[in-house]
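Q: Contents are mmCIF, C-alpha atoms; file name structure.cif:
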data_structure
loop_
_atom_site.label_atom_id
_atom_site.label_comp_id
_atom_site.auth_asym_id
_atom_site.auth_seq_id
_atom_site.Cartn_x
_atom_site.Cartn_y
_atom_site.Cartn_z
CA MET A 15 256.27 161.58 134.16
CA VAL A 16 255.61 161.53 130.42
CA SER A 17 251.97 160.58 130.93
CA SER A 18 251.42 163.45 133.37
CA VAL A 19 252.95 165.91 130.88
CA ALA A 20 250.74 164.56 128.10
CA LYS A 21 247.65 164.89 130.24
CA SER A 22 248.59 168.42 131.19
CA ASN A 23 249.05 169.27 127.49
CA LEU A 24 245.69 167.71 126.51
CA ALA A 25 243.71 169.53 129.17
CA PRO A 26 243.79 172.98 127.49
CA LEU A 27 242.97 171.38 124.15
CA ARG A 28 239.92 169.61 125.60
CA SER A 29 238.81 172.82 127.28
CA PHE A 30 239.13 174.73 123.99
CA CYS A 31 237.18 172.08 122.09
CA PHE A 32 234.46 172.11 124.72
CA LEU A 33 234.12 175.89 124.71
CA ASN A 34 234.21 175.96 120.93
CA SER A 35 231.42 173.38 120.68
CA VAL A 36 229.36 175.24 123.27
CA PHE A 37 229.87 178.52 121.37
CA HIS A 38 228.82 176.96 118.07
CA PHE A 39 225.89 175.28 119.75
CA ARG A 40 224.64 178.55 121.21
CA ASN A 41 225.03 180.35 117.89
CA LEU A 42 223.25 177.57 116.05
CA ARG A 43 220.42 177.54 118.56
CA GLU A 44 219.98 181.30 118.40
CA LEU A 45 220.11 181.21 114.61
CA THR A 46 217.52 178.45 114.55
CA TRP A 47 215.20 180.40 116.83
CA LEU A 48 215.70 183.52 114.73
CA LEU A 49 214.79 181.66 111.53
CA ILE A 50 211.74 180.13 113.18
CA THR A 51 210.61 183.55 114.41
CA ILE A 52 211.05 185.14 110.98
CA CYS A 53 209.16 182.32 109.27
CA TYR A 54 206.34 182.57 111.82
CA LEU A 55 205.97 186.34 111.48
CA THR A 56 206.11 186.12 107.69
CA SER A 57 203.45 183.41 107.60
CA GLN A 58 201.27 185.42 109.98
CA SER A 59 201.64 188.53 107.82
CA LEU A 60 200.71 186.62 104.69
CA ALA A 61 197.83 184.98 106.48
CA ASP A 62 196.58 188.35 107.71
CA ASP A 63 196.72 189.74 104.17
CA GLY A 64 194.89 186.75 102.81
CA ASP A 65 192.24 186.97 105.52
CA PHE A 66 191.82 190.66 104.80
CA MET A 67 191.22 190.08 101.11
CA GLU A 68 188.89 187.14 101.72
CA GLU A 69 187.07 188.58 104.69
CA PHE A 70 186.79 192.29 103.85
CA LEU A 71 186.73 192.61 100.05
CA LYS A 72 183.08 192.37 99.08
CA ARG A 73 183.08 191.02 95.55
CA GLU A 74 179.33 191.30 95.19
CA TYR A 75 179.71 195.09 95.45
CA SER A 76 182.97 195.32 93.49
CA LEU A 77 183.66 195.85 89.80
CA VAL A 78 187.01 194.36 88.75
CA LYS A 79 188.61 192.67 85.75
CA PRO A 80 187.59 190.58 83.87
CA TYR A 81 184.24 192.24 84.68
CA ARG A 82 182.20 189.10 85.18
CA GLY A 83 178.66 189.69 86.39
CA LEU A 84 178.24 192.79 84.25
CA GLY A 85 175.67 192.87 81.48
CA PHE A 86 172.04 192.36 80.69
CA SER A 87 171.49 188.76 81.84
CA SER A 88 169.33 187.91 84.86
CA SER A 89 172.39 186.71 86.79
CA SER A 90 174.35 189.94 86.34
CA GLN A 91 175.24 192.01 89.38
CA TRP A 92 175.82 195.23 87.41
CA ASP A 93 173.80 196.93 84.68
CA LEU A 94 175.07 199.04 81.79
CA MET A 95 173.21 202.10 80.58
CA GLY A 96 173.56 204.52 77.68
CA THR A 97 176.90 204.52 75.89
CA ALA A 98 178.69 202.45 78.56
CA MET A 99 180.58 199.47 77.15
CA VAL A 100 182.91 196.79 78.50
CA THR A 101 186.43 196.20 77.19
CA PRO A 102 189.13 193.84 78.53
CA ASP A 103 190.86 196.75 80.29
CA HIS A 104 188.07 199.05 81.47
CA VAL A 105 184.42 199.98 81.48
CA ARG A 106 184.08 203.01 79.21
CA LEU A 107 181.23 205.22 80.36
CA THR A 108 181.46 207.70 77.49
CA PRO A 109 183.72 207.90 74.44
CA ASP A 110 185.47 211.05 73.27
CA LEU A 111 182.37 212.19 71.38
CA GLN A 112 179.88 214.99 71.94
CA SER A 113 176.53 214.61 73.70
CA ARG A 114 176.99 211.16 75.21
CA GLN A 115 175.81 209.70 78.54
CA GLY A 116 176.73 206.36 80.05
CA ALA A 117 176.57 204.61 83.41
CA VAL A 118 177.06 201.34 85.26
CA TRP A 119 174.93 200.49 88.30
CA SER A 120 175.00 197.74 90.90
CA ARG A 121 171.85 195.66 91.26
CA ILE A 122 172.60 194.78 94.90
CA PRO A 123 171.76 197.35 97.60
CA LEU A 124 174.65 198.16 99.94
CA LEU A 125 173.75 197.00 103.44
CA LEU A 126 177.10 197.58 105.17
CA GLN A 127 177.38 200.09 107.98
CA ASP A 128 181.12 200.79 107.67
CA TRP A 129 182.86 200.53 104.32
CA GLU A 130 185.65 201.76 102.09
CA LEU A 131 185.45 202.20 98.31
CA ARG A 132 188.58 202.38 96.16
CA VAL A 133 188.12 203.56 92.59
CA GLN A 134 190.65 203.44 89.76
CA PHE A 135 189.66 205.61 86.82
CA LYS A 136 191.02 207.31 83.73
CA VAL A 137 189.98 210.49 81.94
CA HIS A 138 191.68 211.20 78.63
CA GLY A 139 191.02 212.70 75.24
CA GLN A 140 192.23 214.79 72.31
CA GLY A 141 190.94 218.14 73.57
CA LYS A 142 193.29 220.73 75.00
CA LYS A 143 193.05 221.93 78.59
CA ASN A 144 189.66 223.49 79.40
CA LEU A 145 188.42 222.30 76.01
CA ASN A 146 187.26 218.96 77.36
CA GLY A 147 184.39 217.73 79.47
CA ASP A 148 182.47 217.13 81.42
CA GLY A 149 183.66 214.56 83.96
CA LEU A 150 182.43 211.50 85.83
CA ALA A 151 180.72 210.68 89.11
CA ILE A 152 180.59 207.83 91.61
CA TRP A 153 177.24 207.34 93.33
CA LEU A 154 175.64 205.73 96.33
CA THR A 155 171.99 206.64 95.88
CA ARG A 156 168.46 205.47 96.49
CA ASP A 157 167.55 205.53 92.78
CA ARG A 158 169.50 203.83 90.03
CA MET A 159 169.52 203.79 86.23
CA LYS A 160 168.28 207.38 85.85
CA ASN A 161 169.50 209.71 83.10
CA GLY A 162 169.97 213.34 83.97
CA PRO A 163 172.09 216.50 83.89
CA VAL A 164 174.43 215.70 86.81
CA PHE A 165 177.29 213.89 85.08
CA GLY A 166 174.76 211.59 83.42
CA ASN A 167 172.57 211.03 86.49
CA MET A 168 169.37 212.62 87.77
CA ASN A 169 169.28 215.90 89.68
CA HIS A 170 167.65 216.13 93.13
CA PHE A 171 169.12 212.73 93.96
CA SER A 172 169.05 211.14 97.40
CA GLY A 173 172.43 209.86 98.53
CA LEU A 174 176.14 210.45 98.02
CA GLY A 175 177.85 211.81 94.92
CA ILE A 176 181.60 212.06 94.29
CA PHE A 177 182.26 214.27 91.25
CA VAL A 178 185.40 214.35 89.12
CA ASP A 179 184.73 217.65 87.33
CA THR A 180 187.12 218.37 84.47
CA TYR A 181 185.57 221.55 83.01
CA PRO A 182 185.17 224.94 84.78
CA ASN A 183 181.68 226.11 83.91
CA ASP A 184 181.93 229.11 86.23
CA ASP A 185 184.98 230.54 84.49
CA LYS A 186 184.68 233.90 86.26
CA THR A 187 185.53 232.30 89.61
CA HIS A 188 189.20 231.43 89.99
CA ASP A 189 189.14 229.85 93.46
CA ARG A 190 190.08 226.38 92.23
CA THR A 191 192.01 224.51 89.54
CA PHE A 192 190.42 221.81 87.42
CA PRO A 193 190.09 218.82 87.36
CA TYR A 194 188.40 219.10 90.75
CA ILE A 195 186.99 216.27 92.91
CA SER A 196 184.14 217.18 95.26
CA VAL A 197 181.59 215.61 97.60
CA MET A 198 177.84 216.27 97.70
CA LEU A 199 175.15 214.71 99.87
CA GLY A 200 171.68 214.93 98.35
CA ASN A 201 168.42 214.60 100.29
CA GLY A 202 166.04 214.50 97.33
CA THR A 203 165.44 218.26 97.27
CA LEU A 204 168.92 219.77 96.88
CA SER A 205 169.84 220.72 93.33
CA TYR A 206 173.31 220.44 91.84
CA ASP A 207 174.12 223.77 90.18
CA HIS A 208 176.17 222.81 87.14
CA ASP A 209 176.72 226.43 86.12
CA ARG A 210 178.45 227.09 89.46
CA ASP A 211 180.30 223.72 89.45
CA GLY A 212 178.29 222.64 92.49
CA ARG A 213 179.82 225.17 94.87
CA SER A 214 176.62 225.84 96.81
CA THR A 215 176.13 222.17 97.81
CA GLU A 216 179.75 221.04 98.09
CA LEU A 217 180.84 219.50 101.40
CA GLY A 218 184.53 219.36 100.51
CA GLY A 219 186.94 218.73 97.69
CA CYS A 220 190.35 219.27 96.17
CA THR A 221 192.21 219.67 92.91
CA ALA A 222 193.38 216.40 91.33
CA MET A 223 195.29 216.61 88.05
CA ALA A 224 193.89 213.36 86.73
CA ARG A 225 193.18 214.14 83.06
CA ASN A 226 195.60 212.73 80.47
CA SER A 227 197.80 211.64 83.36
CA VAL A 228 200.73 209.28 82.82
CA TYR A 229 200.05 207.76 86.26
CA ASP A 230 197.30 205.47 87.50
CA ASN A 231 194.52 207.53 89.07
CA PHE A 232 192.78 206.47 92.27
CA PHE A 233 190.51 207.90 94.89
CA LEU A 234 189.23 206.39 98.11
CA VAL A 235 185.98 207.01 99.97
CA ARG A 236 185.76 205.76 103.56
CA TYR A 237 182.58 205.90 105.63
CA SER A 238 182.73 204.88 109.28
CA LYS A 239 181.10 206.14 112.47
CA ASN A 240 179.33 208.95 110.60
CA GLN A 241 182.60 210.25 109.20
CA LEU A 242 183.25 210.47 105.47
CA THR A 243 186.84 210.72 104.21
CA LEU A 244 187.91 211.31 100.61
CA MET A 245 191.53 210.66 99.59
CA VAL A 246 193.27 210.75 96.20
CA ASP A 247 196.37 209.28 94.57
CA VAL A 248 196.93 210.80 91.14
CA ASP A 249 200.58 211.88 91.08
CA GLY A 250 202.35 208.52 90.96
CA LYS A 251 203.63 208.61 94.56
CA GLN A 252 201.53 205.59 95.54
CA GLU A 253 200.37 207.27 98.71
CA TRP A 254 197.02 208.72 99.69
CA ARG A 255 196.53 212.48 99.99
CA GLU A 256 193.58 213.76 102.00
CA CYS A 257 191.03 215.61 99.91
CA ALA A 258 188.05 216.02 102.26
CA ASP A 259 187.14 214.93 105.77
CA ILE A 260 183.52 215.43 106.80
CA THR A 261 182.03 214.55 110.19
CA GLY A 262 178.40 214.11 111.08
CA VAL A 263 177.43 212.38 107.82
CA ARG A 264 174.28 210.25 108.07
CA LEU A 265 173.86 207.76 105.23
CA PRO A 266 171.05 205.19 104.98
CA THR A 267 171.79 201.59 104.08
CA GLY A 268 170.18 199.88 101.12
CA TYR A 269 171.38 202.39 98.52
CA PHE A 270 173.00 201.44 95.19
CA LEU A 271 176.55 201.98 93.95
CA GLY A 272 177.04 203.38 90.47
CA ALA A 273 179.26 205.36 88.15
CA SER A 274 178.17 207.73 85.39
CA SER A 275 179.55 210.26 82.94
CA ALA A 276 178.37 212.78 80.39
CA THR A 277 179.79 214.86 77.55
CA GLY A 278 178.30 217.96 75.95
CA ASP A 279 179.79 220.25 73.34
CA LEU A 280 183.15 219.15 74.76
CA SER A 281 184.12 215.54 75.33
CA ASP A 282 186.58 213.01 76.77
CA ASN A 283 186.94 209.28 77.29
CA HIS A 284 185.74 208.44 80.82
CA ASP A 285 186.85 204.99 81.98
CA ILE A 286 186.30 203.01 85.18
CA ILE A 287 189.07 200.44 85.66
CA SER A 288 187.95 199.10 89.03
CA MET A 289 185.65 199.77 91.96
CA LYS A 290 186.60 197.73 95.02
CA LEU A 291 184.43 197.87 98.12
CA TYR A 292 185.73 196.70 101.50
CA GLU A 293 183.83 196.10 104.69
CA LEU A 294 185.45 197.75 107.70
CA THR A 295 185.48 196.06 111.08
CA VAL A 296 184.90 198.84 113.61
CA GLU A 297 184.66 198.44 117.37
CA ARG A 298 181.84 200.35 118.99
CA THR A 299 181.22 201.01 122.65
CA PRO A 300 177.90 199.84 124.11
CA GLN A 301 176.81 203.48 124.25
CA GLU A 302 177.60 203.98 120.56
CA ALA A 303 175.72 200.82 119.69
CA GLU A 304 172.66 201.99 121.64
CA GLU A 305 172.77 205.47 120.11
CA GLY A 306 172.86 204.07 116.58
CA GLU A 307 169.88 205.40 114.66
CA VAL A 308 168.07 204.21 111.58
CA VAL A 309 168.71 206.84 108.92
CA THR A 310 166.07 207.23 106.22
CA ILE A 311 167.10 210.54 104.62
CA PRO A 312 170.77 211.46 104.01
CA ARG A 313 171.90 214.47 106.00
CA VAL A 314 174.89 216.20 107.52
CA ASP A 315 174.99 217.53 111.07
CA ASN A 316 175.34 221.31 111.13
CA MET A 317 174.89 221.67 107.38
CA GLU A 318 175.24 225.45 107.68
CA GLN A 319 179.00 225.15 108.12
CA PHE A 320 179.30 223.87 104.55
CA GLN A 321 177.11 226.46 102.87
CA VAL A 322 178.95 228.58 100.34
CA GLU A 323 177.61 232.03 99.60
CA VAL A 324 177.62 232.40 95.85
CA GLU A 325 177.61 236.06 94.89
CA GLU A 326 175.36 237.07 92.08
CA GLU A 327 177.28 237.92 88.99
CA GLY A 328 177.36 241.69 88.33
CA MET A 329 176.90 243.25 84.92
CA SER A 330 179.94 243.67 82.75
CA GLY A 331 180.92 247.05 81.24
CA VAL A 332 179.39 246.20 77.87
CA GLN A 333 176.14 245.06 79.49
CA LEU A 334 175.99 248.24 81.57
CA PHE A 335 176.58 250.43 78.51
CA PHE A 336 173.80 248.83 76.47
CA THR A 337 171.46 248.89 79.45
CA LEU A 338 171.97 252.64 79.88
CA LEU A 339 171.73 253.21 76.13
CA PHE A 340 168.41 251.41 75.81
CA THR A 341 167.13 253.19 78.90
CA VAL A 342 167.95 256.62 77.45
CA VAL A 343 166.49 255.71 74.05
CA GLY A 344 163.35 254.44 75.72
CA LEU A 345 162.95 257.64 77.71
CA VAL A 346 163.43 259.74 74.58
CA VAL A 347 160.84 257.73 72.67
CA LEU A 348 158.40 258.05 75.54
CA GLY A 349 159.02 261.81 75.67
CA VAL A 350 158.42 262.25 71.93
CA VAL A 351 155.24 260.19 72.04
CA GLY A 352 154.08 262.20 75.04
CA LEU A 353 154.69 265.50 73.23
CA ILE A 354 152.79 264.33 70.15
CA VAL A 355 149.84 263.20 72.22
CA TYR A 356 149.85 266.42 74.22
CA GLY A 357 150.01 268.56 71.02
CA ARG A 358 147.04 266.75 69.48
CA TRP A 359 145.08 267.10 72.70
CA LYS A 360 145.66 270.87 72.76
CA GLU A 361 144.68 271.19 69.10
CA ASN A 362 141.44 269.31 69.64
CA LYS A 363 140.66 271.41 72.67
CA ARG A 364 141.19 274.66 70.72
CA LYS A 365 138.82 273.54 67.91
CA ARG A 366 135.99 273.12 70.36
CA PHE A 367 135.77 276.88 70.89
CA TYR A 368 135.00 277.61 67.18
#
Spell out the structure here as structure tokens.

A:
Amino acid sequence: MVSSVAKSNLAPLRSFCFLNSVFHFRNLRELTWLLITICYLTSQSLADDGDFMEEFLKREYSLVKPYRGLGFSSSSQWDLMGTAMVTPDHVRLTPDLQSRQGAVWSRIPLLLQDWELRVQFKVHGQGKKNLNGDGLAIWLTRDRMKNGPVFGNMNHFSGLGIFVDTYPNDDKTHDRTFPYISVMLGNGTLSYDHDRDGRSTELGGCTAMARNSVYDNFFLVRYSKNQLTLMVDVDGKQEWRECADITGVRLPTGYFLGASSATGDLSDNHDIISMKLYELTVERTPQEAEEGEVVTIPRVDNMEQFQVEVEEEGMSGVQLFFTLLFTVVGLVVLGVVGLIVYGRWKENKRKRFY
């Protein structure tokens, strides 16, 4: 009797212990699987990031600290020109002094079909707003190491130019705020009109308040499947803002990356902190692969859509006044001279009859 009661009392206890162990076992198993899953996903994410940096970042085309491979030796991958100099923190293209030009150019031609270039830069100086200049440019061009009037590079260039223009030369046109970043594609014959801030050849652009900024300044250029995208990050939000998106862009391979700057009567420090070039892996259909053409001269499909009609500047009130004044004075002088000549002619004619 006692043994049966004891057994009946132990039965619920054994059942509770069994259920409790099963419950803990299930929780422990689920927790273990959860931890394994998290560790696997984390390792995959880190591996993907590592593969991306190792596989896609092209160091031979990139300019990063501590700026190894930059100089005048035969093993250098980048050349300095003009006033450009290397410091531990940046490559200074021009100092805050008048009439300076400087540049840095890659020695290795870019052979990638799809790529992305991320540039960190800094423009700063003592001059007040609109009393500074002139700006800097990033290039992908056929010719390298050429001095000239376009932000320190040659005019009539062949290739791509990204301009960070800090001074409004055409001060009578108030359609944009400076600093202004713009895109131009040169074919060897187009001329950059500095007096008009390049409006007639601009493919796209936007305002970017990057001068004397307290934030890090970046812009990104992506070229893939004949589409060129320009994005900026200059306001400290650490997110890209679209600046220009251009379709139908045809760029040859084998051109050279570079950066240049120039100062005139006004000046600024123009610094390149880094230029990182990434190769993009892009899937193409068999039809797209077959239609791929060999581009020899840079061009844009339907270029007419980007043409900007620049109106000729009319005469000011002062110019009109002096123009009319000189016209009237000229007519009066001509009239007086005519009367004198006519009077002498009549006098000579009258003397002939005596």

Q: Kindly indicate which residue among A:Gly218, A:Gly278, A:Gly85, A:Pro266 lies nearest to A:Asp110, using only C-alpha atoms for the distances.

A: A:Gly278

Q: Under the PyMOL selection byres ((chain A and resi 196) around 9), which residues of this model are included? Write them out as a count of residues only.

A: 19

Q: Could you list, as a PyMOL selection string, every residue matched by the PyMOL selection byres ((chain A and resi 168) around 12) in this structure?

A: chain A and resi 115+117+151+153+155-167+169-173+175+200+202-206+274-276

Q: Would you kindly translate the PyMOL selection byres ((chain A and resi 91-93) around 6) into the concrete residues it picks from this file, as a PyMOL selection string?

A: chain A and resi 83-85+90+94+118-121

Q: Looking at A:Phe232, A:Tyr269, A:Phe336, A:Phe70, which one is nearest to A:Leu294, with distances taken over all atoms listed in the file?

A: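 Ranking A:Phe232, A:Tyr269, A:Phe336, A:Phe70 by distance to A:Leu294, first place goes to A:Phe70.
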
Q: Using Å and a single decimal, report how far atom CA of A:Met317 sits from atom CA of A:Leu154.

A: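 Atom CA of A:Leu154 sits 19.4 Å away from atom CA of A:Met317.
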
Q: Report the distance between atom CA of A:Val78 and atom CA of A:Leu126 in Å, rounded to one decimal place.

A: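 The value is 19.4 Å.
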
Q: Kindly output stretch 182-193 of chain A as a CSV table (one decimal), keeping the file's coordinate frame, after building all heavy atoms.

A:
chain,number,residue,atom,x,y,z
A,182,PRO,N,185.7,223.8,83.9
A,182,PRO,CA,185.2,224.9,84.8
A,182,PRO,C,184.0,225.7,84.1
A,182,PRO,O,184.3,226.5,83.2
A,182,PRO,CB,186.4,225.8,84.9
A,182,PRO,CG,187.2,225.5,83.7
A,182,PRO,CD,187.0,224.1,83.3
A,183,ASN,N,182.8,225.4,84.5
A,183,ASN,CA,181.7,226.1,83.9
A,183,ASN,C,181.6,227.6,84.4
A,183,ASN,O,181.3,228.5,83.6
A,183,ASN,CB,180.4,225.4,84.3
A,183,ASN,CG,180.3,224.0,83.6
A,183,ASN,OD1,179.9,223.9,82.4
A,183,ASN,ND2,180.5,223.0,84.4
A,184,ASP,N,181.9,227.8,85.7
A,184,ASP,CA,181.9,229.1,86.2
A,184,ASP,C,183.3,229.7,86.0
A,184,ASP,O,184.1,229.8,87.0
A,184,ASP,CB,181.6,229.1,87.7
A,184,ASP,CG,181.3,230.4,88.3
A,184,ASP,OD1,181.3,231.4,87.5
A,184,ASP,OD2,181.0,230.5,89.5
A,185,ASP,N,183.6,230.1,84.8
A,185,ASP,CA,185.0,230.5,84.5
A,185,ASP,C,185.3,231.9,85.1
A,185,ASP,O,186.5,232.3,85.0
A,185,ASP,CB,185.2,230.6,83.0
A,185,ASP,CG,184.2,231.5,82.3
A,185,ASP,OD1,183.3,232.0,82.9
A,185,ASP,OD2,184.3,231.6,81.0
A,186,LYS,N,184.4,232.6,85.7
A,186,LYS,CA,184.7,233.9,86.3
A,186,LYS,C,185.1,233.8,87.7
A,186,LYS,O,185.6,234.7,88.3
A,186,LYS,CB,183.5,234.8,86.2
A,186,LYS,CG,183.1,235.2,84.8
A,186,LYS,CD,181.9,236.1,84.8
A,186,LYS,CE,181.5,236.6,83.3
A,186,LYS,NZ,181.2,235.4,82.4
A,187,THR,N,185.1,232.6,88.3
A,187,THR,CA,185.5,232.3,89.6
A,187,THR,C,186.8,231.5,89.5
A,187,THR,O,186.9,230.4,89.0
A,187,THR,CB,184.5,231.5,90.4
A,187,THR,OG1,183.2,232.2,90.4
A,187,THR,CG2,184.9,231.3,91.8
A,188,HIS,N,187.9,232.1,90.1
A,188,HIS,CA,189.2,231.4,90.0
A,188,HIS,C,189.7,230.9,91.3
A,188,HIS,O,190.8,231.1,91.7
A,188,HIS,CB,190.2,232.4,89.4
A,188,HIS,CG,189.8,233.0,88.1
A,188,HIS,ND1,189.8,232.3,86.9
A,188,HIS,CD2,189.3,234.2,87.7
A,188,HIS,CE1,189.4,233.0,85.9
A,188,HIS,NE2,189.1,234.2,86.4
A,189,ASP,N,188.8,230.3,92.1
A,189,ASP,CA,189.1,229.8,93.5
A,189,ASP,C,189.6,228.4,93.5
A,189,ASP,O,190.0,227.9,94.5
A,189,ASP,CB,187.9,230.0,94.4
A,189,ASP,CG,186.7,229.2,93.9
A,189,ASP,OD1,186.7,228.9,92.7
A,189,ASP,OD2,185.9,228.9,94.8
A,190,ARG,N,189.7,227.8,92.3
A,190,ARG,CA,190.1,226.4,92.2
A,190,ARG,C,190.6,226.1,90.8
A,190,ARG,O,190.4,226.8,89.9
A,190,ARG,CB,188.9,225.4,92.5
A,190,ARG,CG,187.7,225.5,91.6
A,190,ARG,CD,186.6,224.7,92.1
A,190,ARG,NE,186.1,225.1,93.4
A,190,ARG,CZ,185.0,224.5,94.0
A,190,ARG,NH1,184.3,223.6,93.3
A,190,ARG,NH2,184.7,224.9,95.2
A,191,THR,N,191.4,225.0,90.8
A,191,THR,CA,192.0,224.5,89.5
A,191,THR,C,191.4,223.2,89.2
A,191,THR,O,191.1,222.3,90.0
A,191,THR,CB,193.5,224.3,89.7
A,191,THR,OG1,194.1,225.6,90.1
A,191,THR,CG2,194.2,223.9,88.4
A,192,PHE,N,191.1,223.0,87.9
A,192,PHE,CA,190.4,221.8,87.4
A,192,PHE,C,191.4,220.9,86.7
A,192,PHE,O,192.4,221.4,86.2
A,192,PHE,CB,189.3,222.2,86.4
A,192,PHE,CG,188.1,222.7,87.1
A,192,PHE,CD1,188.1,224.0,87.6
A,192,PHE,CD2,187.0,222.0,87.3
A,192,PHE,CE1,187.0,224.6,88.3
A,192,PHE,CE2,185.8,222.5,87.9
A,192,PHE,CZ,185.8,223.8,88.4
A,193,PRO,N,191.2,219.6,86.8
A,193,PRO,CA,190.1,218.8,87.4
A,193,PRO,C,190.0,219.0,88.9
A,193,PRO,O,191.0,219.1,89.6
A,193,PRO,CB,190.4,217.4,87.0
A,193,PRO,CG,191.3,217.5,85.8
A,193,PRO,CD,192.2,218.7,86.1
